[in-house]
Structure formats: C-alpha cells, structure tokens
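Chemist: The structure under discussion is supplied below as structure tokens; questions concerning it will follow.
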Amino acid sequence: MNKLKRTLALVATLAISATAFVGCGDDSSSSTTSSSTPAESSATEESTPAEGEETAEIKLPSGGDKMTILAWNANDVDPMLKMWLPDAGYTEDQINFVNFNVGGGEAAAQYDQYFLGGEDVDVFMVEADWALKYINDDAATAPMSDLGFTEAYFAGQYPYTMEIGKDSNGVIKGVSWQAAPGAWCYRSDLADSYLGVKSPEEMQAKVADWDKFQATAKEVSEASGGKTALTTTLGGIWQAFAANRSTPWVQDGALAVDDFCNTFIDLAKNMRDNGYVTDLNQWTDDWYAAGQTDNTMGYFVSTWGFGDSILLTAAGGDGGATFGKWAVTEGPTPYFWGGTWMCVSPKTDNADMVANFIKYFTVDEASMEKYALGKDGGEYVNNMNVMQKIVDEGSNSNANLGGQDQFAVVHENAKAIDLKGLITPYDASIKTAFLDAVNAYCAGETADAAACIEDFKDRVAESVTDITVE
Amino acid sequence: MASAAQRNIRSISYAKYGYFFILPFFLVYCFFQVWPLINTFILSFYGNGQKVEDFIGLDNFRALLFGTSTTGMGRTAKAIHETFIQTLGNTFIVWIGNFIPQICLSLALAVWFTDSKLKIKGKGFFKIVMYMPNIITAASVAALYLSLFAESEYGSVNNLLMSAGIIDSPIKFVTGCWQSRGMIMFIQCWMWFGNTMIMLMSGIMGLNPSLFEAANIDGASSGQVFRKITLPLLRPIMLYTLVTSMIGGLQMYDIPYLYKKGTQRNEYTRTVAVFIYEHFREKMPNPNYGFSAAASVILFFITIILGSFAFAMNRDKDEAMKKKERKAYAKALKAKQKGLGGMEI
Amino acid sequence: MSSANGAKDNYTAKLRIKSIILFVVMILLTIICLLPIYILIINATRASADVTSGVSLIPGNYLAKNFDTLFNHPMFVNFKPLIGFRNSAIIAGSATVLSVFFSALTAYGLVVYDFKLRGPAYTFILAVMMVPMQVTSVGFLQFMLKLNLGDSYIPLIVPTVAAPAIVFFMRQYLKSSFPLDIVEAARIDGCGEFRTFLTIAIPMMKPAIAVQAIFAFVANWNNFYQPSMILVSRKQNQLTIPMMVSMITSNDKVNDYGAKYAAIGLSIVPIVLVYLVLSKFIVEGVALGGVKE
C-alpha cells in the first residue's frame, strides 16, 4: 500500500520533474528545453490540464511487484530504461526486462510461449509486421484509454504509426516511440562519375518515381559497363514499392491479386535481368560487403538503418572503404520500414508505471527530444514537432553521409506516408510470400509472370490458412 | 555357502529385477513425455490458423498426403500437399547423400584405428581431431559455413575459386538446388562422421579380442578379418547406427533450418522437420497447428515403418544367432549342473 | 623357411605402404576438420570489415578490441560467458550423469532379465525414440508451466533419465559383448543384483559409457532449443552459453562480425579444451573397456 502511494505520488509529479531534469541535467539540450515548452503546450494542451486527473483515469491496476517488459533485443529497451528510470524516479529493481534475443521475425513465437506460461507481463514490444496479431487480440493488449490516454495525447505522432497501433475497431492499442520512414542512400562518388550528379537534389530528380529509377539504373549500368547495379536487393526495392498499394491485400477474406503485383514483377524482372539490381539478399554478409565495392550504388535504408544495422556496416564501419562517400535522398516513394510499437497487457499490475513509461516516450515532447538526442547514434522519435525542431536546428549531421542530415531527408517522407487504412494482419506473410515468389521467378524457377503469380498464391495459401486464395 | 546360493538361483525368479531396473526410465518418461505426445495426436485432428478449435477429422492428413479436403481448404490443400511432398523428397535426398559417405568413412576409419597391425603415426591425434566438428553448436557451424560459402564473389570460397580462374561466376552454394543440398550433405557429414566413427570404434573394441588374435594367427588378411569377423559381430552396433542415423536424418532440423540466405530459406533443402517447425511457430499471424501436428504424426509413422524394416532385416540373422546361443547356453548349464564351479570369469 | 620369411616381409611392406597412404588420408581429413574451426578462431582476431570482405589464415590484431567490444559494449550486455559456462556445465553435467547411468540400468534390465513385459518394453523404447521432438515441445512446455517448472532447470535435467537412444545403444552393446554367465556366476558368489550391475556390468560397459557420456555432454552443452523454451523469463543468471551466443548471432542489429566470432570462439574454446584434456582418457576409456576373458 505504501508502495502504491509512493508510486502514485511519483507519477503525479512526473511531468514537472522530467522537464526539470532535462533542464538542469543536460547542457546541450537546456536551450532546446526552454524553446520546446511553448510548442509542447500547444500540441498537448487539451491533455495536460491536470496531471492528477490522469492517474485517476487509469483503469488497470497498479502496485504490482515489478514492471515486466518483453522485447526481442536490448537495442532500444536498454537506452530507454537508462534514461527513463532516473527521470521518473524508479530504480532498476522495479523493472523485470525479459529479453528474448532473437530476430524480430521470431519474437512472436517467443511471446506466444511466454504468454502460455501466464507469467507477469506489463509492456511488450511488437514489430510493425506482426503488431496486429496482438493488437487485434483483446486478451493480449489493452486499449491505451485504459491507461488514461486519449487519441489527443498522440496528436504529434506521425499518422502512419497511429494507424498501425489501432485494432480493427479503431481502438488505439499500440503506440510507437520511433518512426521509421525510409529513404534511398547512394554512393555520391559513383553518382558523380556515372551520372554527373553532384547533389542529393539532382539525384532525387533522377529517381523520383519508379520509371525514372529504372531509367537511371540503365544509365548507371551503361556508364559502368554493366559493373554497377543501381541498388542492392530486390528486398529493398520491395520494401519501398509495397507502400504504393492502393487496395488492401485481403478483401472480404480473400487474397487480392491485381495489376500492382504484375507491375512489380515486371519491374523486378527488368532490374534483375539487366543487372540493375544485384542478386544478393538482405541481411547476408554479401549484402554488407557489396557496399565496399563498386558493384552496387545504393541501399534502401530506414531511420534505424543509418548506423551499424545497414549503412555504416555496408561502408565498412567508421573509416571503412566507402565511409563518408554516401548520400541520402527520398527515393521513388515515401515508405516506412520496421519500427517498434509498445503494447500493454490487460493483465498488467503496474499500470501507473506503464503509463508513465509510455507518456515519457510517446507523449511528452521534452523527454522525447531528450531521447532523440541522447540515445547513442540518435533516435528518430515519433513526434512531428520534435523532429521538425531537430531538423530546423540542424544539429544532426552524419559523417558517413558526408555530413548530410538524414533526418532532414526522411522527415518529409515520414509525414507523407499514408497507409490509407490498408493494413491487414496478414500483410507480413503476404509481402514475404510475394517477394519470395518474385525472387524465384527472377532466378528462373518459374517460367513467366503468370506462373510467378500462381507461385505467389500457393505460398500464401500454404502459410495463411485464415484467408481464401482462389 | 556356494551351494546355498546355488539352490537360491534355481528357486528364485529374477524377473522382478527386470522391472526394477527399467522402472525409472518408464516413470520419468510417462511423467514428462506422454502427455505432450498425446497432445500432438489430438492437435493433428484440429484446424489451422484461427480455426484451431475446430475438429476437422482427417482433413489435415488428406491435405498433406493427397492435396484434397472435405472442409473447403481449397488451394491451401493443394499447396500444402506440394510443399509437404517436396520436403519429404528433400529429407530423403539429403539424408541418403550424407548417410552413405558418412557411414563408409566412419566405418573405414574405425577399422583402421582399431587395427593393431597398422602403424599410423599420430593415430591418437587423428582420433581426437575427427570428433572436433561435432563439438560445435549447429548455430555456429551454420554461421561459419554461410560466411565461407557466401554466394557472391565476396564469399571466401567463391573468391578463391574465381581468382584461381577455376570458375567465371560465383557458385550458388546457398540457393542453388543441388549446390545447397550438396552443402548440407557435406556439413552434416562433416559434423557427424567423427561421432559415428567413435560409436563404431567402441563397438569394435567391445568385441572379443581373442577372435582377432586367432584370425591373425591364422594369417587372415585385414579384408578377411573385416568381412568375416568385424562386420558380422558389429551387427548390433551397426543396426544402432543405421536406426539412429535414420531417425536423425528423417528429423534433420538444425542445419537445414539455419543454412539460408538472409531471411530466405531455400525450398530445396527444407526438410520435413523444418516444415513442421515453420507451421508450428513461424506462420503469421496464426500458426498452423493442425498441419504441423499431422506432419509430425506422418513423420513418426514413416520413421516407425522404416525402423521396423531395419529391425526385421536384422532379426533373421539375429534370431538364428540367438538360437545357437541358447543351445550353447543350455549345454553349458547342463555341464555346470554336473560339475560345480566350472565357471571362469 | 626363407620363403616364409619373404612372405612375411612382403606382408609387412604392404602394411607399411598402407599405413603411409592412410596417414596421408588422415592428414587430409584433419585439414577438412580443422580448417573451418581455425578460420572461425582467426576471424575472432580480425576487424569486422575484414571478416566480411574475405577469408584469411593469418591472425589479425583485433582480438583485444573484439573482446573489449564483447565485454564492454552495451549491445553485448547479456554476454556473460562465465555465468553461461557455469549454467551450461550444471545442466550438461547432471544430464550426462543421469542419462548415462539410467540408460545403462535400463539396458541391463532389458538384457539380463527375462520377464514377461521385456519385449513390449523394448519395443516401446524403440518407438518413443522415433518421436519427432519439434512438436511435442509445446505440450511439454505447457505441462511444465502448469507444474510451475518454468525458469527451472528440472525440466532440462530430470527427463534425461529417459533417454531412449542411449538405452538402445547400451542394449546393443551389452548384446554384442556382455556374457550373461557372468551374472550367473556373481549370483553364485552371493552378489546382489544391483551390486552385480554396479561392480561388474558398469566396468565392462566402460566403452559404451564413455562414448555415450561424451555424446550426451556435447548434446546437452549445445542444446539451445529446450533451454530457450523452458527458461521463459530469460533471467540473466540462468542463461546457458548457447543462448548467449545465439542472442549475438541471431540479433540482426549486431553487425560487429569480429565480436560475433569472438563470442562464438569463446563459447567453443572451453569445451574444446575440456575435450582435449579428457580426450586421452576418453579414447583410452573406449579402448580399455574391451571384454577380457
């Protein structure tokens, strides 16, 4: 009981203390704090009249032993906890971080296993690809309103991230602290010698849509004598291209195969047959190694991919063979790639702590800015105002990109991403199946585009048994 | 004292000790494993995806084996049938391709290492080294081979072959049909031949050395000794090797599962066990428990049928040998009854 | 006399040639066995970018740096090899002792005693040996969690008492090389059944025990699937070494290949060392157990 009171008190004073901590703790951001206050108040005005009320709105129980967080790696949770715990006045003892240490794709299987055991769980992270598996399941996720958050609280978030966090009835059940808009990175030295392109703006003009992208690929191929591919993987192209879809993959419980598929098949075939894209796959050693040769000119990269995850490794690390020779531009289409959402278990027994945690990373602009700048390597936080401010201030520059600010480039893309309500829980499986089928077609395993579509349907029919495939 | 004990032997039945000795095994097995096993059988009669609560009878089996269904699986039945049959084929191909070279190599090595006439320098060293690959976790082995045999010209092996001018374009070690199967056969063989060799060696060493001595005195050649003495006597251990390797082969999982290009697993090396695992845990948003369990049940029966076949082939001669043994034993018993203390240890 | 000598010389000459050829074969096999392991260890001494760009047989000078990354970089915060070794040793050690001892016991019971259910019991053991483990695992986990044994080593250790494949091996071994008269003789000497097993059968089964002990230890040491299933809460001080390695190798956001190989290398070095230290004993143990009459 005492503990409960204490935590309640802590929550009540949180917003004040958080800003206070930012103000006095961090020199680099002290100036930004003061300037951020007006922006913050305008964005979250209606939601912040009284901090005390907010805790009263929490419908889920508090006072549990420890706040349990599930995730599949520590890359985000560790830095988050490091910053949040002291600011919120909690200690590490109050946290039980269950780290499954698997690839994002395998995490759901681990969660299912964990949930099976009925062990304590308060917050768990989900990936965009399979977020809906849990968000549509009321036994697994609680509405954010149960923690006292209305949609207005998240007004600053990028719209697409909100869409993914809603279940089929439009109830918000997952929120993200990061946005993952994608962009296209290219070797500026090769662009100069093959295309005479001097700046990202010029480059953007040459890859502004998919037709131009292919034409430029042809140009690069011819200029390099067939040596250099414009981009590295079909997987990367698909990541961006898939965002163009104008109808959902599943309509009335059936797989929708339309011209969109044929367009991509033709594009992929053209790119691959002519060597405009290499035959490498993402997440292989070769994929990274290619970046240090002249065999490829570009990578599709998302906000989280500018560091070790993709681009820095592809450049050979700090001081590597192609380090600093890269540049970034929006690419043919706005798209997002990956990102992590937070969901709250309806069985949570630490609702106050969880609410505090979520507020800190998804609502409170001051702390979000602190995290964006404070995290090692920076974070593209999920708040348009905060990111706008960071971009405006121009405080970010990336040495691997020759000093370019990747945030400034993806920033516009991020706002433009429009999911048009198209997402279905089956998208991850369907998109993977389609890419596999197209890869098989390009490798000559299926005869023509029609056979490729048949192959695709078979793959979907086999793995997604909940929908009809004609 | 001896005579009292003797009397006891005849009056006491020792059968109950048999039950005592095997009791712990059965207690533990029944406690931990029986329910999971039954659970698998139950699941195989239920639906897939969200329909996991629906009883659908034999439809999973129908779909997997014949591509048909009575509960409207439609295209799914056909697609899953094709994949399942392909994974079965892959399993057999990869197993045979690694089992035959592996058993030949292991047997040859075991015989050479146990042949006291052969003076191979550093025998002890070689024996030790050859088991080493088996010590390393499959995950590390797969990661290592994937980086050595990466498909592009940056892959170490491709790089080497290309710069030596042996090949012009990189070999598709990971996605090519026979290339990838060949690689998996090789990796499996590489990992397991030392294990098989040691097993066979222990079998050979357990044989009565006087037989070999006698054969040597009679001037038998190594080949003769191998064919006439080692091989027939090694039969029980060979049977063990055959059966366990068959089970291991049919349920081959880790290397085929891990040996993939990035996130894309190639369909030529997908084994039944990988298929089972994928449908069980990796399908989004809902796993296909029914297919997965039904495939396990089918795999279980295939294993049993092939296993019984191996046993049956072995039994004929086993039985004949047992008969002889029994006769000899009866004779010895009679002899003992006549003259006490005729036993030597 | 002289012709006999000639034949013998001829025979030994043949043997010598055969030995030399075999020696060459062995050298080749040794290279095939060791080269990948060697490369793995060399990679642990190289910088990440060098590792991805090609193979090398010469050690680099990044070992210290890779270890530094491994132990100090926040990304590898869960990699605590000493704790991992301890946990793996506890699990693998107990599992080995239990599985080998009880399998020997069961096999002995099946071979030595003639009882009504012997046939069915043996058939049952062979049948359960053929059950694919992938799918029974979910039922197993559910059951263990119901018994409140999640996050416990018990489900990883105790079930190894029932190891059908080891029983099968032991039985085959006893069949081919254990003279039943010995038991009879022991009885005449007034030796109890269990004592006969302990003092006579076990020493005679030494080769089989040695072999299965190595195999069981290695299999349990490398077991990733089951611990990662049972240890649901991933408590830091409970993780096994394969779990720690896999969280580095399967995390797609860790791209320091030098550090990755250093972790893999570090995970295999102790078991290789233990194996090398014990190998003399193991190899001899395999050799010594031959049935002497």
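Note on naming: chains are A, B, ... as they come in the structure tokens, residues start from 1 per chain, ligands start from 1 in the order shown.
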Among the residues of segment 200-266 of chain A, find those DSSP assigns to strand (DSSP E) from the backbone and print them as a list in words.

Modeler: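 Assigned to strand (DSSP E), within segment 200-266 of chain A: Val250, Gln251, Ala254 and Leu255 of chain A.
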
Chemist: Mind dumping the selected residues with N, CA and C atoms as a PDB file, in the first residue's frame?

Modeler:
ATOM      1  N   VAL A 250      -5.950  -8.098 -48.494  1.00  0.00           N
ATOM      2  CA  VAL A 250      -7.030  -9.050 -48.253  1.00  0.00           C
ATOM      3  C   VAL A 250      -8.357  -8.296 -48.273  1.00  0.00           C
ATOM      4  N   GLN A 251      -9.248  -8.699 -49.171  1.00  0.00           N
ATOM      5  CA  GLN A 251     -10.565  -8.070 -49.254  1.00  0.00           C
ATOM      6  C   GLN A 251     -11.628  -9.136 -49.107  1.00  0.00           C
ATOM      7  N   ALA A 254     -10.439 -12.642 -48.746  1.00  0.00           N
ATOM      8  CA  ALA A 254      -9.747 -13.320 -49.841  1.00  0.00           C
ATOM      9  C   ALA A 254      -8.537 -12.510 -50.280  1.00  0.00           C
ATOM     10  N   LEU A 255      -7.529 -13.210 -50.752  1.00  0.00           N
ATOM     11  CA  LEU A 255      -6.319 -12.543 -51.228  1.00  0.00           C
ATOM     12  C   LEU A 255      -6.633 -11.769 -52.503  1.00  0.00           C
TER      13      LEU A 255
END

Chemist: Residues of chain A near chain C: apply a cut-off of 7 Å, count only C-alpha atoms, and supply the list as a PyMOL selection string.

Modeler: chain A and resi 75+98-103+114+116-117+285+289+308-309+313+316-317

Chemist: So that I have them on file, write out the residues from the current selection with C-alpha atoms, as a tab-separated table (two decimals), in the first residue's frame.

Modeler:
chain	number	residue	atom	x	y	z
A	75	ASN	CA	18.96	-2.24	-28.50
A	98	VAL	CA	12.73	-10.14	-20.41
A	99	ASN	CA	14.95	-10.08	-23.44
A	100	PHE	CA	14.37	-12.96	-25.85
A	101	ASN	CA	17.34	-12.12	-28.01
A	102	VAL	CA	16.02	-13.33	-31.30
A	103	GLY	CA	15.45	-11.72	-34.66
A	114	TYR	CA	5.77	-16.73	-22.71
A	116	LEU	CA	1.28	-19.51	-22.42
A	117	GLY	CA	3.04	-19.65	-19.10
A	285	ASP	CA	27.34	-10.99	-45.30
A	289	ALA	CA	30.23	-6.44	-48.28
A	308	ASP	CA	25.52	-0.42	-37.74
A	309	SER	CA	22.31	-2.06	-38.85
A	313	THR	CA	28.39	-1.66	-41.85
A	316	GLY	CA	32.95	-0.88	-43.80
A	317	GLY	CA	32.49	0.85	-40.47

Chemist: Would you kindly report the residues of chain C within 7 Å of chain B, using only C-alpha atoms, as number ranges by chain?

Modeler: C: 15, 19, 23, 26, 30, 33, 40, 53-55, 102, 105-106, 109-110, 113-115, 127, 130-132, 134-137, 139-140, 159, 161-162, 169, 172-173, 176-177, 182, 185, 187-190, 207-208, 211, 218, 222, 264, 268, 279, 286-287, 289-291, 293

Chemist: Report, in Å with one decimal, the straight-line distance from atom CA of Trp283 of chain A to atom CA of Gly236 of chain A.

Modeler: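 Between atom CA of Trp283 of chain A and atom CA of Gly236 of chain A the gap is 10.8 Å.
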
Chemist: What residues in chain A lie within 8 Å of chain B, counting only C-alpha atoms, written as a PyMOL selection string?

Modeler: chain A and resi 105-106+109+130+132-133+280-286+289-290+425-426+428-429+436+458-459+461-466+468-470

Chemist: Check segment 85-270 of chain C with DSSP on the backbone and list each residue it calls helix (DSSP H, G or I), as a ChimeraX atom specification.

Modeler: /C:85-112,118-129,133-146,154-161,164-177,181-188,193-204,206-222,225-230,236-238,241-249,257-270

Chemist: Counting only C-alpha atoms, figure out which residue out of A:Gln214, A:Ser176, A:Thr233, A:Thr340 gets nearest to Asn73 of chain A.

Modeler: A:Thr340

Chemist: Can you measure atom CA of Leu422 of chain A to atom CA of Asp112 of chain A for me? One decimal in Å is fine.

Modeler: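 Computed distance, atom CA of Leu422 of chain A to atom CA of Asp112 of chain A, equals 25.9 Å.
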
Chemist: May I have the residues within 9 Å of Arg86 of chain C as a PyMOL selection string, using only C-alpha atoms and disregarding those fewer than 5 positions away in the same chain?

Modeler: chain C and resi 81+91+240-241

Chemist: For Val438 of chain A, please output as a list in words all residues within 8 Å (counting only C-alpha atoms; exclusion window: fewer than 5 positions along the same chain).

Modeler: Ile265, Ala268, Cys452 and Phe456 of chain A

Chemist: Using the selection just defined, write its residues with N, CA and C atoms as a JSON list (two decimals), in the first residue's frame.

Modeler:
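See part-v1.json below for the written result:
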[["chain", "number", "residue", "atom", "x", "y", "z"],
["A", 265, "ILE", "N", 6.36, -7.30, -60.63],
["A", 265, "ILE", "CA", 7.05, -8.43, -61.27],
["A", 265, "ILE", "C", 7.83, -7.93, -62.48],
["A", 268, "ALA", "N", 10.82, -5.89, -61.31],
["A", 268, "ALA", "CA", 11.86, -6.74, -60.73],
["A", 268, "ALA", "C", 12.61, -7.50, -61.81],
["A", 452, "CYS", "N", 4.53, -16.96, -61.89],
["A", 452, "CYS", "CA", 5.02, -16.32, -60.67],
["A", 452, "CYS", "C", 3.83, -15.98, -59.76],
["A", 456, "PHE", "N", 3.01, -17.39, -56.12],
["A", 456, "PHE", "CA", 2.70, -16.49, -55.01],
["A", 456, "PHE", "C", 1.43, -16.93, -54.29]]

Chemist: Name the residues in contact with Met162 of chain A at a cut-off of 9 Å, using only C-alpha atoms, excluding same-chain residues fewer than 2 positions from it; report them as a list of chain:residue names.

Modeler: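 Near Met162 of chain A, the qualifying residues are A:Glu151, A:Phe154, A:Gln157, A:Tyr158, A:Pro159, A:Tyr160, A:Ile164, A:Gly165, A:Lys166, A:Ile172, A:Gly174, A:Val175, A:Ser176.
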
Chemist: Output N, CA and C atoms of each residue in that selection to a file, as a compact mmCIF listing (two decimals), in the first residue's frame.

Modeler:
# COMPACT_ATOMS: atom_id res chain seq x y z
N GLU A 151 -6.80 9.75 -27.82
CA GLU A 151 -6.10 9.94 -29.09
C GLU A 151 -5.40 11.30 -29.13
N PHE A 154 -1.74 11.78 -28.52
CA PHE A 154 -0.76 11.36 -29.51
C PHE A 154 -0.83 12.22 -30.78
N GLN A 157 2.14 12.58 -33.14
CA GLN A 157 2.78 11.41 -33.75
C GLN A 157 2.56 11.37 -35.25
N TYR A 158 3.46 10.70 -35.94
CA TYR A 158 3.29 10.53 -37.38
C TYR A 158 2.04 9.70 -37.61
N PRO A 159 1.20 10.13 -38.54
CA PRO A 159 -0.10 9.48 -38.69
C PRO A 159 -0.01 7.98 -38.94
N TYR A 160 0.98 7.58 -39.74
CA TYR A 160 1.01 6.15 -40.07
C TYR A 160 1.27 5.28 -38.84
N ILE A 164 -1.14 1.99 -37.42
CA ILE A 164 -0.71 0.62 -37.14
C ILE A 164 -1.08 0.21 -35.73
N GLY A 165 -1.12 1.19 -34.85
CA GLY A 165 -1.43 0.87 -33.45
C GLY A 165 -2.90 0.65 -33.16
N LYS A 166 -3.76 0.84 -34.19
CA LYS A 166 -5.20 0.68 -33.93
C LYS A 166 -5.68 -0.71 -34.31
N ILE A 172 -7.02 2.49 -30.11
CA ILE A 172 -5.56 2.54 -30.06
C ILE A 172 -5.05 1.56 -29.01
N GLY A 174 -1.63 0.19 -29.50
CA GLY A 174 -0.17 0.17 -29.57
C GLY A 174 0.32 1.55 -29.94
N VAL A 175 1.39 1.99 -29.29
CA VAL A 175 1.98 3.28 -29.67
C VAL A 175 3.47 3.09 -29.86
N SER A 176 4.03 3.90 -30.75
CA SER A 176 5.45 3.77 -31.02
C SER A 176 6.19 5.02 -30.58

Chemist: Which residues, written as an NGL selection string, have at least one atom at most 9 Å from Ile237 of chain A, with only C-alpha atoms counted and residues fewer than 4 positions away on the same chain left out?

Modeler: :A and (231-233 or 241-242 or 268 or 299-300)

Chemist: Could those residues be written to a file, using C-alpha atoms, as a PDB file, in the first residue's frame?

Modeler:
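Saved the output as selection23.pdb:
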ATOM      1  CA  THR A 231      20.642  -0.722 -55.872  1.00  0.00           C
ATOM      2  CA  THR A 232      21.497  -3.843 -53.967  1.00  0.00           C
ATOM      3  CA  THR A 233      18.466  -6.002 -53.322  1.00  0.00           C
ATOM      4  CA  PHE A 241       7.407  -0.368 -53.598  1.00  0.00           C
ATOM      5  CA  ALA A 242       4.919  -2.215 -51.397  1.00  0.00           C
ATOM      6  CA  ALA A 268      11.865  -6.740 -60.728  1.00  0.00           C
ATOM      7  CA  TYR A 299      20.682   0.822 -50.477  1.00  0.00           C
ATOM      8  CA  PHE A 300      17.164   1.379 -49.275  1.00  0.00           C
TER       9      PHE A 300
END

Chemist: So, counting only C-alpha atoms, which residue among B:Thr271, B:Phe92, B:Asn216, B:Ser169 is closest to Leu306 of chain B?

Modeler: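 Closest candidate: B:Phe92.
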